[in-house]
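S.K.: Supplied in structure tokens, the structure appears directly below.
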Amino acid sequence: LLPLLVAVGCGGTSGTSASGSVVSVTERDFSISAPKVVPAGEMVLRVENQGPDPHELLVVRARNADLPLRSDGLTVSEEGLQPRIVGALATGEPQVVRDLSVRLKPGRYVLFCNMSGHFMGGMHALIVVR
Ligand SMILES: [Cu+2]
């Protein structure tokens with residue numbers, strides 16, 4: 001899977017920008033692919049949705065993907081996670097690439113999609129920032 005993730009390079013982006021490094025994240029039904037370790041600081045999460053469904057991406061500081069659920073049992077309790085949510089993005093339609101700028105301190109973070117049932121379906125990834 002990894003070689004596919006590296007081949008984004010649209011229009012002369014070089015892997016770094018004024019706001020820090022660029023980290024490629026890929027979402028699909030129903031998984032999230034992201035680097036396991038990234039350097040701390042400012043970065044751009046370049047999120048590509050490979051669909052076919054629309055997705056979203058939330059970034060929360062958490063030890064593992066054992067996140068609290070709402071009473072519906074289908075979505076993560078974003079209310080219960082505040083203020084540990086450090087970024088959020090709706091990816092919109094498939095094949096769309098969107099950037100999310102975040103500043104991450106060293107620690108462990110979970111990327112997840114909180115559309116109904118998607119987290120349970122496997123749309124979460126743990127990244128270590130150091
Ligand atoms: Cu999703």
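All residue names refer to the structure tokens as shown: chains lettered A, B, ... in order, residues numbered from 1 in each chain, ligands numbered from 1 in order.
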Using only C-alpha atoms and all ligand atoms, find each residue in chain A having at least one atom no more than 8 Å away from ligand 1; report its shortest atom-to-atom pair and that distance in Å (one decimal), rows by chain then rising number, as JSON lines.

M.R.:
{"residue": "A:Glu27", "atom": "CA", "partner": "ligand 1", "partner_atom_place_in_ligand_line": "1 (Cu)", "distance": 7.4}
{"residue": "A:Arg28", "atom": "CA", "partner": "ligand 1", "partner_atom_place_in_ligand_line": "1 (Cu)", "distance": 7.3}
{"residue": "A:Asp29", "atom": "CA", "partner": "ligand 1", "partner_atom_place_in_ligand_line": "1 (Cu)", "distance": 6.6}
{"residue": "A:Phe30", "atom": "CA", "partner": "ligand 1", "partner_atom_place_in_ligand_line": "1 (Cu)", "distance": 6.4}
{"residue": "A:Ser31", "atom": "CA", "partner": "ligand 1", "partner_atom_place_in_ligand_line": "1 (Cu)", "distance": 7.9}
{"residue": "A:Asp53", "atom": "CA", "partner": "ligand 1", "partner_atom_place_in_ligand_line": "1 (Cu)", "distance": 7.0}
{"residue": "A:Pro54", "atom": "CA", "partner": "ligand 1", "partner_atom_place_in_ligand_line": "1 (Cu)", "distance": 6.5}
{"residue": "A:His55", "atom": "CA", "partner": "ligand 1", "partner_atom_place_in_ligand_line": "1 (Cu)", "distance": 3.8}
{"residue": "A:Glu56", "atom": "CA", "partner": "ligand 1", "partner_atom_place_in_ligand_line": "1 (Cu)", "distance": 5.8}
{"residue": "A:Leu57", "atom": "CA", "partner": "ligand 1", "partner_atom_place_in_ligand_line": "1 (Cu)", "distance": 7.8}
{"residue": "A:Phe112", "atom": "CA", "partner": "ligand 1", "partner_atom_place_in_ligand_line": "1 (Cu)", "distance": 7.8}
{"residue": "A:Cys113", "atom": "CA", "partner": "ligand 1", "partner_atom_place_in_ligand_line": "1 (Cu)", "distance": 4.6}
{"residue": "A:Asn114", "atom": "CA", "partner": "ligand 1", "partner_atom_place_in_ligand_line": "1 (Cu)", "distance": 6.3}
{"residue": "A:Met115", "atom": "CA", "partner": "ligand 1", "partner_atom_place_in_ligand_line": "1 (Cu)", "distance": 5.3}
{"residue": "A:Ser116", "atom": "CA", "partner": "ligand 1", "partner_atom_place_in_ligand_line": "1 (Cu)", "distance": 7.8}
{"residue": "A:Gly117", "atom": "CA", "partner": "ligand 1", "partner_atom_place_in_ligand_line": "1 (Cu)", "distance": 7.9}
{"residue": "A:His118", "atom": "CA", "partner": "ligand 1", "partner_atom_place_in_ligand_line": "1 (Cu)", "distance": 4.7}
{"residue": "A:Phe119", "atom": "CA", "partner": "ligand 1", "partner_atom_place_in_ligand_line": "1 (Cu)", "distance": 7.1}
{"residue": "A:Met123", "atom": "CA", "partner": "ligand 1", "partner_atom_place_in_ligand_line": "1 (Cu)", "distance": 6.2}

S.K.: Apply DSSP to the backbone of this structure and, from chain A, keep only the residues in strand (DSSP E); write these as a ChimeraX atom specification.

M.R.: /A:16-17,20-28,31-33,37-38,41-49,55-61,85-92,97-104,107-112,124-129

S.K.: Provide the atom CA of A:Asp66 to atom CA of A:Gly121 distance in Å, to one decimal place.

M.R.: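 Result for atom CA of A:Asp66 versus atom CA of A:Gly121: 13.5 Å, one decimal.
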
S.K.: Residues of stretch 34-76 of chain A that approach stretch 93-104 of chain A to 7 Å or less, counting only C-alpha atoms: could you list each one with the shortest pair of atoms and its distance in Å to one decimal, rows by chain and increasing residue number, as JSON lines?

M.R.:
{"residue": "A:Ala40", "atom": "CA", "partner": "A:Leu104", "partner_atom": "CA", "distance": 5.5}
{"residue": "A:Gly41", "atom": "CA", "partner": "A:Arg103", "partner_atom": "CA", "distance": 5.2}
{"residue": "A:Glu42", "atom": "CA", "partner": "A:Arg103", "partner_atom": "CA", "distance": 4.2}
{"residue": "A:Met43", "atom": "CA", "partner": "A:Val102", "partner_atom": "CA", "distance": 5.6}
{"residue": "A:Val44", "atom": "CA", "partner": "A:Ser101", "partner_atom": "CA", "distance": 4.4}
{"residue": "A:Leu45", "atom": "CA", "partner": "A:Leu100", "partner_atom": "CA", "distance": 5.0}
{"residue": "A:Arg46", "atom": "CA", "partner": "A:Asp99", "partner_atom": "CA", "distance": 4.5}
{"residue": "A:Val47", "atom": "CA", "partner": "A:Arg98", "partner_atom": "CA", "distance": 5.3}
{"residue": "A:Glu48", "atom": "CA", "partner": "A:Val97", "partner_atom": "CA", "distance": 4.4}
{"residue": "A:Asn49", "atom": "CA", "partner": "A:Pro94", "partner_atom": "CA", "distance": 5.1}
{"residue": "A:Gln50", "atom": "CA", "partner": "A:Pro94", "partner_atom": "CA", "distance": 5.3}
{"residue": "A:Gly51", "atom": "CA", "partner": "A:Pro94", "partner_atom": "CA", "distance": 4.6}
{"residue": "A:Pro52", "atom": "CA", "partner": "A:Pro94", "partner_atom": "CA", "distance": 5.7}
{"residue": "A:Asp53", "atom": "CA", "partner": "A:Pro94", "partner_atom": "CA", "distance": 6.5}
{"residue": "A:Pro54", "atom": "CA", "partner": "A:Glu93", "partner_atom": "CA", "distance": 4.9}

S.K.: Of the candidates A:Ser77, A:Pro39, A:Lys105, A:Val25, which one gets nearest to A:Thr91 if we count only C-alpha atoms?

M.R.: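 For A:Thr91, the nearest of the given residues is A:Val25.
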